[in-house]
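File shown: work21.csv. Contents: CSV, C-alpha atoms.
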```csv
chain,number,residue,atom,x,y,z
A,1,MET,CA,-7.5,57.9,-8.3
A,2,LYS,CA,-7.9,61.3,-6.7
A,3,CYS,CA,-10.4,63.5,-8.5
A,4,ILE,CA,-12.1,66.9,-8.4
A,5,ILE,CA,-15.3,68.2,-9.9
A,6,ILE,CA,-15.5,71.6,-11.7
A,7,ASP,CA,-19.1,72.6,-12.5
A,8,ASP,CA,-21.1,75.7,-11.9
A,9,GLU,CA,-24.3,73.7,-11.4
A,10,LYS,CA,-24.8,72.5,-7.9
A,11,PHE,CA,-27.2,69.7,-8.9
A,12,SER,CA,-24.7,68.3,-11.5
A,13,ARG,CA,-21.9,68.3,-8.8
A,14,GLU,CA,-24.2,66.4,-6.4
A,15,ILE,CA,-25.0,63.7,-9.0
A,16,LEU,CA,-21.3,63.3,-9.8
A,17,SER,CA,-20.4,63.2,-6.1
A,18,VAL,CA,-22.8,60.3,-5.5
A,19,MET,CA,-21.4,58.4,-8.5
A,20,ILE,CA,-17.8,59.0,-7.4
A,21,LEU,CA,-18.5,57.9,-3.8
A,22,LYS,CA,-19.9,54.6,-5.2
A,23,SER,CA,-16.8,54.0,-7.2
A,24,PRO,CA,-14.0,52.0,-5.4
A,25,ASP,CA,-11.4,53.4,-7.7
A,26,LEU,CA,-12.1,57.1,-7.0
A,27,VAL,CA,-11.5,59.5,-4.1
A,28,LEU,CA,-13.2,62.9,-4.3
A,29,VAL,CA,-10.8,65.5,-2.9
A,30,GLY,CA,-12.6,68.7,-4.1
A,31,GLU,CA,-15.6,70.3,-5.7
A,32,PHE,CA,-15.5,73.7,-7.4
A,33,GLU,CA,-18.2,75.9,-8.9
A,34,ASN,CA,-15.7,77.8,-11.1
A,35,ALA,CA,-12.4,77.2,-12.8
A,36,ILE,CA,-10.5,80.0,-11.0
A,37,ASP,CA,-10.9,78.3,-7.6
A,38,ALA,CA,-9.9,75.0,-9.0
A,39,ILE,CA,-6.7,76.5,-10.5
A,40,LYS,CA,-5.8,78.0,-7.1
A,41,TYR,CA,-6.3,74.6,-5.5
A,42,LEU,CA,-4.1,72.8,-8.0
A,43,ASN,CA,-1.4,75.5,-7.7
A,44,GLU,CA,-1.2,74.8,-4.0
A,45,ASP,CA,0.4,71.4,-4.7
A,46,HIS,CA,-2.7,69.2,-4.4
A,47,PRO,CA,-2.1,66.2,-6.7
A,48,VAL,CA,-5.1,65.1,-8.8
A,49,ASP,CA,-5.4,62.1,-11.1
A,50,LEU,CA,-8.7,62.9,-12.8
A,51,ILE,CA,-10.9,66.0,-13.3
A,52,PHE,CA,-14.6,66.0,-14.1
A,53,LEU,CA,-15.0,69.3,-16.0
A,54,ASP,CA,-18.0,71.2,-17.3
A,55,ILE,CA,-17.4,73.2,-20.5
A,56,HIS,CA,-19.9,76.1,-20.3
A,57,MET,CA,-19.2,78.1,-17.1
A,58,PRO,CA,-19.4,81.9,-16.5
A,59,ASN,CA,-16.2,84.0,-17.2
A,60,PHE,CA,-13.9,81.0,-17.6
A,61,SER,CA,-14.8,78.0,-19.8
A,62,GLY,CA,-13.7,74.5,-19.4
A,63,PHE,CA,-11.4,74.8,-22.5
A,64,ASP,CA,-9.9,78.0,-21.0
A,65,PHE,CA,-9.2,76.0,-17.9
A,66,VAL,CA,-7.5,73.2,-19.7
A,67,LYS,CA,-5.2,75.7,-21.5
A,68,THR,CA,-3.9,76.9,-18.1
A,69,LEU,CA,-2.6,73.5,-17.1
A,70,LYS,CA,1.1,72.8,-17.7
A,71,ASN,CA,0.9,69.1,-16.8
A,72,PRO,CA,-2.8,68.3,-16.9
A,73,PRO,CA,-4.2,65.1,-15.3
A,74,GLN,CA,-6.8,63.1,-17.1
A,75,ILE,CA,-10.0,65.0,-17.8
A,76,ILE,CA,-13.5,63.8,-18.5
A,77,LEU,CA,-15.8,66.5,-19.9
A,78,VAL,CA,-19.3,66.6,-18.5
A,79,THR,CA,-21.7,68.7,-20.5
A,80,THR,CA,-25.1,69.1,-22.1
A,81,ASP,CA,-23.5,70.4,-25.3
A,82,LYS,CA,-22.8,67.6,-27.9
A,83,SER,CA,-21.5,70.0,-30.5
A,84,LEU,CA,-18.0,70.4,-29.0
A,85,ALA,CA,-16.9,66.8,-28.9
A,86,ILE,CA,-14.6,67.1,-31.9
A,87,ASP,CA,-12.9,70.2,-30.3
A,88,ALA,CA,-12.5,68.4,-27.0
A,89,PHE,CA,-10.4,65.6,-28.5
A,90,ASN,CA,-7.8,68.1,-29.8
A,91,TYR,CA,-6.5,67.9,-26.2
A,92,ASP,CA,-4.6,64.7,-25.3
A,93,CYS,CA,-5.6,65.0,-21.6
A,94,ILE,CA,-9.3,64.8,-22.4
A,95,ILE,CA,-10.1,61.1,-22.4
A,96,ASP,CA,-13.9,61.1,-22.5
A,97,TYR,CA,-17.0,63.2,-23.2
A,98,LEU,CA,-20.1,62.6,-21.0
A,99,LEU,CA,-23.3,64.1,-22.1
A,100,LYS,CA,-25.7,65.1,-19.4
A,101,PRO,CA,-27.8,63.3,-18.3
A,102,PHE,CA,-25.7,60.1,-18.3
A,103,SER,CA,-26.3,56.7,-16.8
A,104,SER,CA,-24.2,55.0,-14.1
A,105,GLU,CA,-23.1,52.4,-16.7
A,106,ARG,CA,-21.8,55.2,-19.0
A,107,PHE,CA,-20.0,56.7,-16.0
A,108,ASP,CA,-18.4,53.4,-15.2
A,109,LYS,CA,-17.1,53.1,-18.7
A,110,SER,CA,-15.3,56.4,-18.4
A,111,ILE,CA,-13.7,55.4,-15.2
A,112,GLU,CA,-12.5,52.1,-16.7
A,113,LYS,CA,-10.9,54.2,-19.5
A,114,ALA,CA,-9.2,56.4,-17.0
A,115,LYS,CA,-7.9,53.5,-15.1
A,116,LEU,CA,-6.5,51.9,-18.2
A,117,ASN,CA,-4.8,55.1,-19.3
A,118,GLN,CA,-3.3,55.6,-15.8
A,119,ASN,CA,-1.8,52.1,-15.8
A,120,THR,CA,-0.5,52.5,-19.3
A,121,ASN,CA,1.1,55.8,-18.5
A,122,LEU,CA,2.7,54.5,-15.3
A,123,LYS,CA,4.2,51.5,-17.1
A,124,SER,CA,5.6,53.8,-19.8
A,125,ARG,CA,7.1,56.1,-17.2
A,126,LEU,CA,8.8,53.3,-15.4
A,127,THR,CA,10.1,51.8,-18.6
A,128,ASN,CA,11.6,55.1,-19.8
A,129,GLN,CA,12.8,56.3,-16.4
A,130,SER,CA,16.5,56.4,-15.8
A,131,ILE,CA,16.7,54.9,-12.3
A,132,SER,CA,19.8,56.0,-10.4
A,133,LYS,CA,21.4,53.6,-8.0
A,134,GLU,CA,23.0,56.5,-6.2
A,135,ILE,CA,22.8,60.2,-5.9
A,136,TYR,CA,25.5,62.8,-5.1
A,137,VAL,CA,24.8,65.7,-2.7
A,138,ASN,CA,26.8,68.8,-1.9
A,139,ILE,CA,27.8,68.8,1.8
A,140,ASP,CA,30.4,71.3,3.1
A,141,LYS,CA,31.8,71.7,-0.4
A,142,ARG,CA,32.1,67.9,-0.8
A,143,LEU,CA,30.1,65.7,-3.1
A,144,VAL,CA,28.9,62.8,-1.0
A,145,LYS,CA,27.5,59.7,-2.7
A,146,ILE,CA,24.3,58.2,-1.2
A,147,ASP,CA,23.0,54.8,-2.1
A,148,VAL,CA,19.4,55.3,-3.1
A,149,ALA,CA,18.4,51.9,-1.7
A,150,GLU,CA,19.5,53.0,1.7
A,151,ILE,CA,17.4,56.1,1.9
A,152,GLN,CA,14.6,55.8,4.3
A,153,TYR,CA,12.9,59.2,3.9
A,154,ILE,CA,13.6,62.9,3.0
A,155,ARG,CA,12.2,65.7,5.0
A,156,ALA,CA,12.0,69.4,4.1
A,157,ASN,CA,13.4,71.8,6.7
A,158,GLY,CA,13.2,75.4,5.6
A,159,ASP,CA,15.9,76.0,2.9
A,160,TYR,CA,17.3,72.5,3.6
A,161,ALA,CA,16.4,68.9,3.2
A,162,ILE,CA,17.1,66.1,5.7
A,163,ILE,CA,18.0,62.8,4.0
A,164,LYS,CA,17.8,59.9,6.5
A,165,THR,CA,19.5,56.7,5.4
A,166,ASP,CA,19.8,53.4,7.2
A,167,SER,CA,23.0,54.6,8.9
A,168,VAL,CA,23.4,58.4,8.5
A,169,LYS,CA,21.4,61.6,8.4
A,170,TYR,CA,22.5,64.3,5.9
A,171,THR,CA,21.5,67.9,5.9
A,172,VAL,CA,21.6,69.3,2.3
A,173,HIS,CA,21.0,72.9,1.1
A,174,THR,CA,18.4,72.1,-1.5
A,175,THR,CA,14.6,71.6,-1.9
A,176,LEU,CA,12.6,68.5,-1.3
A,177,LYS,CA,11.3,68.8,-4.9
A,178,LYS,CA,14.8,68.7,-6.4
A,179,ILE,CA,15.7,65.5,-4.5
A,180,GLU,CA,12.3,63.9,-5.3
A,181,GLU,CA,12.9,64.4,-9.0
A,182,LYS,CA,16.1,62.3,-8.8
A,183,LEU,CA,14.5,59.3,-7.1
A,184,PRO,CA,12.7,56.4,-8.7
A,185,LYS,CA,9.0,56.1,-8.6
A,186,PRO,CA,6.8,54.4,-7.4
A,187,GLN,CA,9.4,53.3,-4.8
A,188,PHE,CA,9.7,56.9,-3.5
A,189,ILE,CA,6.4,58.6,-2.8
A,190,LYS,CA,5.3,61.9,-1.4
A,191,VAL,CA,3.1,61.4,1.7
A,192,HIS,CA,3.1,64.9,3.0
A,193,ARG,CA,4.1,68.3,1.7
A,194,SER,CA,7.3,68.0,3.7
A,195,HIS,CA,8.1,64.3,3.4
A,196,VAL,CA,9.0,61.8,0.7
A,197,ILE,CA,9.4,58.2,1.9
A,198,ASN,CA,11.0,55.0,0.5
A,199,ALA,CA,8.0,52.6,0.3
A,200,LYS,CA,10.3,49.6,0.8
A,201,LYS,CA,11.3,50.9,4.2
A,202,ILE,CA,7.7,51.1,5.6
A,203,VAL,CA,7.4,49.1,8.9
A,204,ASP,CA,3.7,49.7,9.4
A,205,ILE,CA,0.9,52.1,8.6
A,206,LYS,CA,-1.5,53.4,11.2
A,207,ASP,CA,-4.1,56.1,11.0
A,208,CYS,CA,-2.4,59.1,9.4
A,209,THR,CA,1.2,58.0,9.9
A,210,VAL,CA,3.8,55.5,8.7
A,211,LEU,CA,6.6,54.0,10.6
A,212,ILE,CA,10.0,54.2,8.8
A,213,GLY,CA,12.7,52.6,10.9
A,214,LYS,CA,12.1,54.2,14.3
A,215,ASP,CA,10.6,57.4,13.0
A,216,ILE,CA,6.9,58.2,12.6
A,217,ILE,CA,6.2,60.1,9.4
A,218,PRO,CA,2.9,62.0,8.9
A,219,VAL,CA,0.6,61.2,6.0
A,220,SER,CA,-1.7,64.0,4.8
A,221,LYS,CA,-5.1,63.3,3.5
A,222,ASN,CA,-4.2,64.6,0.0
A,223,TYR,CA,-1.4,62.0,-0.4
A,224,ARG,CA,-3.1,59.0,1.4
A,225,ALA,CA,-4.5,57.5,-1.9
A,226,ASP,CA,-1.0,57.7,-3.5
A,227,LEU,CA,0.4,55.7,-0.5
A,228,PHE,CA,-2.0,52.9,-0.8
A,229,GLU,CA,-1.6,52.7,-4.6
A,230,SER,CA,2.1,52.1,-4.1
A,231,ILE,CA,1.8,49.1,-1.8
A,232,ASP,CA,0.4,45.6,-2.3
A,233,LEU,CA,-2.6,45.1,0.0
A,234,ILE,CA,-3.9,41.6,0.7
```
Representation of the structure as structure tokens:
Amino acid sequence: MKCIIIDDEKFSREILSVMILKSPDLVLVGEFENAIDAIKYLNEDHPVDLIFLDIHMPNFSGFDFVKTLKNPPQIILVTTDKSLAIDAFNYDCIIDYLLKPFSSERFDKSIEKAKLNQNTNLKSRLTNQSISKEIYVNIDKRLVKIDVAEIQYIRANGDYAIIKTDSVKYTVHTTLKKIEEKLPKPQFIKVHRSHVINAKKIVDIKDCTVLIGKDIIPVSKNYRADLFESIDLI
């Protein structure tokens, strides 16, 4: 799970960082001393699965931060203030409340809870998701049917998207995001801000790239954890 820390106290961030680095289930992708910088980071399309959030921060409290999130990830509050626990659980996205100082055992329990919630939510989304076997795209005023199973990858190209299938390459006047929303997950995953790939079409993975057919696709650091969560490693 990709996570970030939001806490105005440097010492608290350092303690959390050490615990996160020791956890095989977590990847720390950012630390912030205020909520404003964290909001900017999230708005730049950096996907996050879990946030460790302090409540009492100057100018912008932890609760103020939560209210700004349209689709919040899981949040674990980390605070010295035990009086706000009841208020915290008015928010569905807040899954735990860690009181400073806390032990590594208590931290591990929070992570187990986050993992369980993540797995439950994923199964629910897959169960409820309407998976299309084909999509239709507008090309030269014609609606062309594309078999989803044959799609290798989609690449953003300015105001257009390139859809590469096993046999044809289509150029469509649309955004990568719109096409991504129509494709089943976790089969199709975003590995770069300009690339969505069909995980079933991966030939091999090397360094910061994947091979799809004969094409080398870049994998950015922010999406690397998503890629490895989508495949079965032995």
Closest pair table for region 9-72 of chain A residues within 10 Å of region 94-108 of chain A, all atoms listed in the file, as a tab-separated table:
```
residue	atom	partner	partner_atom	distance
A:Ser12	CA	A:Lys100	CA	8.6
A:Ile15	CA	A:Pro101	CA	9.7
A:Leu16	CA	A:Phe107	CA	9.1
A:Met19	CA	A:Ser104	CA	7.1
A:Ile20	CA	A:Phe107	CA	9.2
A:Lys22	CA	A:Ser104	CA	9.9
A:Ser23	CA	A:Asp108	CA	8.2
A:Leu50	CA	A:Ile94	CA	9.8
A:Ile51	CA	A:Ile94	CA	9.3
A:Phe52	CA	A:Leu98	CA	9.5
A:Leu53	CA	A:Tyr97	CA	9.6
A:Asp54	CA	A:Leu98	CA	9.6
A:Val66	CA	A:Ile94	CA	9.0
A:Pro72	CA	A:Ile94	CA	9.2
```
Atomic distance CA of Leu143 (chain A) - CA of Val196 (chain A), expressed in Å with one decimal: 21.8 Å
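Between CA of Pro184 (chain A) and CA of Ala149 (chain A) the separation is 10.1 Å.
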Region 208-225 of chain A: axis-aligned bounding box, 8 Å on each side, centre and edge lengths in Å, one decimal, as JSON:
```
{"center_x": 3.8, "center_y": 58.6, "center_z": 6.2, "size_x": 33.8, "size_y": 28.0, "size_z": 32.2}
```
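Considering all atoms listed in the file, the residue among A:Tyr153, A:Ile163, A:His192, A:Phe63 positioned nearest to Leu211 (chain A) is A:Tyr153.
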